[in-house]
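Chemist: Mind having a look at this structure? Questions to follow.
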Amino acid sequence: MSDASASMLDELPGELMMWVLIISELLVFGAGLAVFLSVRLTDPVGFAESQDYLHRTGAALNTIVLVSSGFLAAYALRWREAAQRLKARLALIAAALLGVVFLIIKGAEYADKAAQGIGPETNAFFTFYYLLTGFHAAHVVAGIVILLLVAWKDEPRNIETGAAFWHMVDLVWVLLFPVVYLLG
Amino acid sequence: MTRDLLTRAWIWLIALSGGSAVVALFVEQGMDRRIAGGLILLLALFKSRTILARYLGLAAAPSWRRGFNLVLSFYCALLLGLYLVGGTTL
């Protein structure tokens, strides 16, 4: 590897493999959202009508919840680097709890859809809706476990890696939310 | 200083999220959906850039930051193109 490419990689903050994961996840979700809008071309009216069944307010609230959670995770690393371990651990636990809040709001939305008889097989819009938001919710669950794990094993390197995973979950949501919930 | 930048980034993200909600409200009051779609994706792009720069620390890696921003900008343009081609019928 040349010196130039080595120094480029050195410039990246945190673990290189975490960046590989972040880019991979962005590509997967990015492709999913592009396909979602491509399928919409076949039935824009049906997609817009289906979108009106979604809880836009709850999803907007979930955006606030996730960016606030990400803020706490980012702060946790700063605190840990300043040897303020208790503050860092509490921030990570609070970030994980906000992740739980996200899942509760998402769960309420799924329950409401189920009560209305809406499921993944209702139409193409809801197939993609459940696929994309369900896959993202699975990442939120993984992120909560990782945040709690790094709150326990609180080496700065661990916290940096765990927080990076959480920011990736955050990043995916800020792209997913407008496409699935707002672009009707 | 870094902490201040983090706090500013969080406030900026909240403000951008509020902006998306306001645009969605304007749509219900008759705003042109093509303009609304562009604004909503622009706000999403700004949020993504902020998360990459401040939360993920790419502000300290300018060349990577530029690369990510460029790819994200093209990607949001692609999404907008697909949205506009699909029509805004409601």
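We label chains A, B, ... in the order they appear in the structure tokens, count residues from 1 in each chain, and number ligands from 1 in the order shown.
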Got a sec: who's within 9 Å of range 100-106 of chain A, counting only C-alpha atoms, leaving out chain neighbours fewer than 6 positions off, as a PDB file with C-alpha atoms, in the first residue's frame?

Modeler:
```pdb
ATOM      1  CA  GLY A  58     -44.428   9.661  15.782  1.00  0.00           C
ATOM      2  CA  ALA A  59     -41.718   9.204  13.161  1.00  0.00           C
ATOM      3  CA  LEU A  61     -40.528  12.440  17.199  1.00  0.00           C
ATOM      4  CA  ASN A  62     -38.365   9.377  16.662  1.00  0.00           C
ATOM      5  CA  THR A  63     -35.936  11.530  14.646  1.00  0.00           C
ATOM      6  CA  VAL A  65     -35.133  10.793  19.917  1.00  0.00           C
ATOM      7  CA  LEU A  66     -32.379   9.278  17.750  1.00  0.00           C
ATOM      8  CA  THR A 133     -38.231   0.112   8.968  1.00  0.00           C
ATOM      9  CA  ALA A 137     -35.386  -1.399  14.000  1.00  0.00           C
ATOM     10  CA  VAL A 140     -31.595  -0.210  16.768  1.00  0.00           C
ATOM     11  CA  VAL A 141     -31.919  -3.348  18.923  1.00  0.00           C
ATOM     12  CA  ILE A 144     -28.844  -0.730  22.248  1.00  0.00           C
TER      13      ILE A 144
END
```

Chemist: Tell me, counting only C-alpha atoms, for each residue of range 117-142 of chain A within 10 Å of range 12-30 of chain A, which pair of atoms is nearest and how far apart they are in Å to one decimal, in rows ordered by chain and increasing number, as CSV.

Modeler:
```
residue,atom,partner,partner_atom,distance
A:Leu132,CA,A:Phe29,CA,7.5
A:Phe135,CA,A:Phe29,CA,9.0
A:His136,CA,A:Phe29,CA,8.6
A:His139,CA,A:Glu25,CA,10.0
```

Chemist: Counting only C-alpha atoms, figure out which residue out of A:Ala73, A:Ala34, A:Val150, A:Ala60 gets nearest to Leu80 in chain B.

Modeler: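 The closest residue to Leu80 in chain B is A:Ala34.
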
Chemist: For the atom pair CA of Ala124 in chain A and CA of Arg34 in chain B, what is the interatomic distance in Å to one decimal place?

Modeler: 22.8 Å

Chemist: Which is closest to Leu79 in chain B among B:Ala9, B:Leu45, B:Val23, B:Ile14, if we use only C-alpha atoms?

Modeler: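 For Leu79 in chain B, the nearest of the given residues is B:Leu45.
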
Chemist: Which polymer residues have any atom within 7 Å of an atom of Pro120 in chain A, counting only C-alpha atoms, with same-chain residues fewer than 4 positions away left out, as a PyMOL selection string?

Modeler: chain A and resi 126-127+130

Chemist: Convert the current residue selection to file output with C-alpha atoms, as a short mmCIF file (atom, residue, chain, number, x, y, z; two decimals), in the first residue's frame.

Modeler:
```
data_model
loop_
_atom_site.label_atom_id
_atom_site.label_comp_id
_atom_site.auth_asym_id
_atom_site.auth_seq_id
_atom_site.Cartn_x
_atom_site.Cartn_y
_atom_site.Cartn_z
CA PHE A 126 -46.23 -1.68 3.02
CA THR A 127 -43.94 -4.52 1.95
CA TYR A 130 -42.00 -3.13 6.92
#
```

Chemist: For a quick test of understanding: name the residues of chain B lying within 8 Å of chain A when counting only C-alpha atoms, and present them as a VMD selection string.

Modeler: chain B and resid 3 6 to 7 10 13 to 14 17 21 24 37 40 to 41 44 to 45 47 to 48 51 to 52 55 to 58 60 to 61 64 78 to 79 82 to 83 85 to 90

Chemist: Using backbone DSSP assignments, extract all alpha helix (DSSP H) residues from chain B; output them as a PyMOL selection string.

Modeler: chain B and resi 2-28+33-50+62-85

Chemist: Can you tell me, as an mmCIF file with C-alpha atoms, in the first residue's frame, what residues are no more than 12 Å from Trp152 in chain A when counting only C-alpha atoms, ignoring any on the same chain fewer than 2 positions away?

Modeler:
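Result file follows (out.cif):
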```
data_model
loop_
_atom_site.group_PDB
_atom_site.id
_atom_site.type_symbol
_atom_site.label_atom_id
_atom_site.label_comp_id
_atom_site.auth_asym_id
_atom_site.auth_seq_id
_atom_site.Cartn_x
_atom_site.Cartn_y
_atom_site.Cartn_z
ATOM 1 C CA ARG A 85 -16.058 7.390 33.515
ATOM 2 C CA LEU A 86 -19.298 7.663 35.484
ATOM 3 C CA ALA A 88 -19.650 8.526 30.187
ATOM 4 C CA ARG A 89 -21.399 5.372 31.395
ATOM 5 C CA LEU A 90 -24.560 7.273 32.346
ATOM 6 C CA LEU A 92 -24.317 5.626 27.193
ATOM 7 C CA ILE A 93 -27.116 4.150 29.312
ATOM 8 C CA VAL A 145 -27.020 -3.958 23.150
ATOM 9 C CA ILE A 146 -23.719 -2.507 21.880
ATOM 10 C CA LEU A 147 -24.189 0.761 23.818
ATOM 11 C CA LEU A 148 -24.824 -1.180 27.031
ATOM 12 C CA LEU A 149 -21.852 -3.440 26.295
ATOM 13 C CA VAL A 150 -19.465 -0.507 25.862
ATOM 14 C CA ASP A 154 -15.749 1.264 28.819
ATOM 15 C CA GLU A 155 -12.341 1.575 27.165
ATOM 16 C CA PRO A 156 -12.321 4.721 24.980
ATOM 17 C CA ASN A 158 -14.737 0.459 22.658
ATOM 18 C CA ILE A 159 -16.939 3.490 23.241
ATOM 19 C CA GLY A 162 -19.975 1.426 19.747
#
```

Chemist: Could you state the separation of CA of Tyr110 in chain A and CA of Ala95 in chain A in Å, given to one decimal place?

Modeler: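 Here the two named atoms are 22.7 Å from each other.
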
Chemist: In Å, with one decimal, what is the gap from CA of Ala91 in chain A to CA of Arg157 in chain A?

Modeler: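 Atom-to-atom, CA of Ala91 in chain A to CA of Arg157 in chain A, that is 16.1 Å.
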
Chemist: With distances taken over only C-alpha atoms, which of A:Ala94, A:Leu131, A:Ala114, A:Ala82 is nearest to Ala151 in chain A?

Modeler: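 Answer, going by the shortest atom-to-atom distance: A:Ala94.
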
Chemist: Which residue out of B:Ala59, B:Arg49, B:Ser20, B:Tyr75 has the minimum interatomic distance to Ala36 in chain B when only C-alpha atoms are used?

Modeler: B:Ser20

Chemist: Ranking B:Glu28, B:Ser63, B:Trp12, B:Leu39 by minimum distance to Asp52 in chain A and counting only C-alpha atoms, which one comes first?

Modeler: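 Selected residue with least distance to Asp52 in chain A: B:Glu28.
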